[in-house]
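Heads up: the structure comes next, in structure tokens.
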Amino acid sequence: MLKLEHIVWDAPDGRRILDDLSFEVPDGKLAVITGPNGGGKTTAAKIIAGLVTPLSGRIFLDGEDITALDATERAKAGVSFGFQQPVRFKGITVRRLLEISAGGKVSEGKLCDYLAKVGLCAREYLDREVNATLSGGEIKRIEIASVLARGTRITVFDEPEAGIDLWSFTNLIRVFEDLRRDLCGSMVVISHQERILRIADEIIVIADGKLRERGPAERTLGTLLSGTDVVAGCVKQEEMFR
Amino acid sequence: MSEIRINETTKKLLSEISDFSGEFKGAYNIRENGACAGRRSSEHIKITSKTDKPGLEIRIDPHTAGETVSIPACVTHGDVDDLVYNDFFVGEGADVVIVAGCGVHTETGEPARHNGIHRFLLGKGARVKYLEKHIGTGKGIGLRSIDPVTEAELGEDAVLEMDTAQIGGVDRTLRQTKATLGKGAKLFIRERILTERDQTAQTEFSVELNGEGSGVDLVSRSVAKDASHQEYHSVIIGNTACTGHSECDAIISGSATVNAQPELHANSEDAALIHEAAIGKIAGEQIMKLRTLGLTEEEAEATIIEGFLS
Ligand SMILES: Nc1ncnc2c1ncn2[C@@H]1O[C@H](COP(=O)(O)OP(=O)(O)OP(=O)(O)O)[C@@H](O)[C@H]1O
Ligand SMILES: [Mg+2]
């Protein structure tokens, strides 16, 4: 179980970005975090991954306080994080990245599995470098594969669907559903997409650095789509594109 | 002469700079401390000693296909200053691999230096892959220097791929590469350099694109650590309709310094020349990403550098 308690974070310019944020994600559950741009979702995810240190508040993994652990220690303790903007590396191949993720040498078959899950052909991609020649959608899929290869207790994806085409989107949803089924931990997906919100066990709405709403998917989604809330706009927009 | 008589240090150096496993496949010449320690010509590749100065003439017959010629040079103790001139004549339509690594080793306070001057004459349509790996080893405080000079003349439609790496132990280096390209000729250069402690590396490229449709692609990647210093200077001259691209990417850490001076000269309106240069420390987000995969900061840095120089 993942638990955030009274998290506060200020930007270097002094602006309060996260303001007493608390929520928890029980084992075996998929929580989807949504909310307006700039609301603090990515910052919250980075606080979970240990990339940002909160000013105050605590983070718990299975009841254990992990607030003082740095990014490496959190990763080893069982936290994975898929970046909203994946990082590119000159000279590091997809194979190498996935092997680092998996924590050592892995069989060709396993590597293929990770890539197949995100709709990439291993033969074409394993020996390519994770550099600027990969398209936005390709690097995003590789980022997701790098998280899948870890298989940890806590998995956080930051807008995994961004840049992924519609056909693959359906498959991506299946990946999350599979992951939830096989999961012996908690999963957090940050998303603005209604189709991802629909597979959530719980929806968490963050706006202005605060927990705006939180509840079972059906109920929260209903409120969001009814348009009475400020954050309804971003979810409704997606409807227009469908 | 076909028997190989080399010392243990040379053996070790050879395994680092070439795929030596007690033997070479194809034609070879091993130079050890300025003397020949083994040579073999093949049916299509003839290696002979120069008569006017130290060095070799390597003649590759026209249309020789799929052969490799290795001419490694090793300096295995201090107080050696080796100078050698090797000329390659690559016949029309030949397609070969040339391996010319160099290792310098010193266990004493005396300096060890190798200075190889390599000239390549590529006939029409010839294709050469030229691999050059340089290392320095040994615990001696004597300076290990390697100062290679490479001069290439590419005939019509010739292709030269030069892959050169110097990733450790060489204290001083001045690397000079000059090339002139004929019609439709292509030159690809991949250079990787790592300097640490108080090492210095200076690298100079000068490429003249004289033939219509000729092109050069020059990629240099370097890592400068500790208090080391690197200088990069490239000159690409486009005299006709041609393409030139150079890219100099450097990662610095510690108190290292890097100076990059790319020069492009377009002497024709149809010369398309591009240069890209980037110098900086490892991007923080790269380290962050690898840490979220469980690597420590040090492991992340080492992984990034290893990939960058691969
Ligand atoms: N290092 C920083 N310095 C200054 N401001 C920051 C920093 N990090 C985040 N912010 C600000 O904090 C706010 C929240 O950013 P965050 O990236 O968490 O939003 P988000 O909810 O993920 O938005 P989006 O939906 O657009 O991805 C934004 O206003 C952002 O500009
Ligand atoms: Mg975000």
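We name chains A, B, ... following the order of the structure tokens; residues begin at 1 in each chain, and ligands are numbered from 1 as shown.
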Item checked: Neighbours of chain B in chain A at 12 Å, counting only C-alpha atoms, as a PyMOL selection string -> chain A and resi 45-52+69-104+129-131+143+146-152+154-156
Notebook entry, point to check: Residues at most 9 Å from ligand 2, using only C-alpha atoms and all ligand atoms? Could they come as a list in words?
Noted result: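 The residues near ligand 2 are Asn37, Gly38, Gly39, Gly40, Lys41, Thr42, Thr43, Ala45, Gln84, Gln85, Asp158, Glu159, Ile190 and Ser191 of chain A.
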Selected residues written out with N, CA and C atoms, as a compact mmCIF listing (two decimals), in the first residue's frame:
```
# COMPACT_ATOMS: atom_id res chain seq x y z
N ASN A 37 -4.13 21.13 -15.80
CA ASN A 37 -2.70 21.31 -16.05
C ASN A 37 -2.12 22.22 -14.97
N GLY A 38 -0.94 21.84 -14.53
CA GLY A 38 -0.28 22.66 -13.52
C GLY A 38 -0.81 22.45 -12.12
N GLY A 39 -1.69 21.48 -11.94
CA GLY A 39 -2.33 21.27 -10.64
C GLY A 39 -1.40 20.63 -9.60
N GLY A 40 -0.34 19.96 -10.08
CA GLY A 40 0.61 19.37 -9.13
C GLY A 40 0.71 17.86 -9.22
N LYS A 41 0.14 17.26 -10.25
CA LYS A 41 0.13 15.79 -10.39
C LYS A 41 1.54 15.23 -10.56
N THR A 42 2.29 15.80 -11.52
CA THR A 42 3.65 15.31 -11.77
C THR A 42 4.52 15.51 -10.53
N THR A 43 4.35 16.64 -9.88
CA THR A 43 5.13 16.91 -8.67
C THR A 43 4.83 15.85 -7.61
N ALA A 45 3.85 12.80 -8.16
CA ALA A 45 4.47 11.55 -8.60
C ALA A 45 5.97 11.56 -8.31
N GLN A 84 6.62 11.47 -17.53
CA GLN A 84 5.73 12.13 -18.51
C GLN A 84 6.55 12.47 -19.75
N GLN A 85 7.75 13.04 -19.53
CA GLN A 85 8.66 13.30 -20.65
C GLN A 85 9.86 12.38 -20.53
N ASP A 158 3.17 8.55 -15.44
CA ASP A 158 2.74 9.93 -15.62
C ASP A 158 2.30 10.14 -17.08
N GLU A 159 1.02 10.28 -17.28
CA GLU A 159 0.42 10.46 -18.61
C GLU A 159 1.00 9.49 -19.64
N ILE A 190 -1.36 8.77 -13.88
CA ILE A 190 -1.81 10.15 -14.03
C ILE A 190 -2.34 10.28 -15.45
N SER A 191 -3.56 10.76 -15.60
CA SER A 191 -4.13 10.82 -16.95
C SER A 191 -5.27 11.82 -17.06
```
Margin query: If DSSP is run on the backbone, what residues of range 50-270 of chain B are strand (DSSP E or B)? A reply as a PyMOL selection string would be ideal.
Written below: chain B and resi 55-60+65-70+73-75+80-90+95-99+102-105+112-122+127-137+144-146+149-154+159-166+172-181+186-195+200-209+214-224+229-238+242-252+257-266
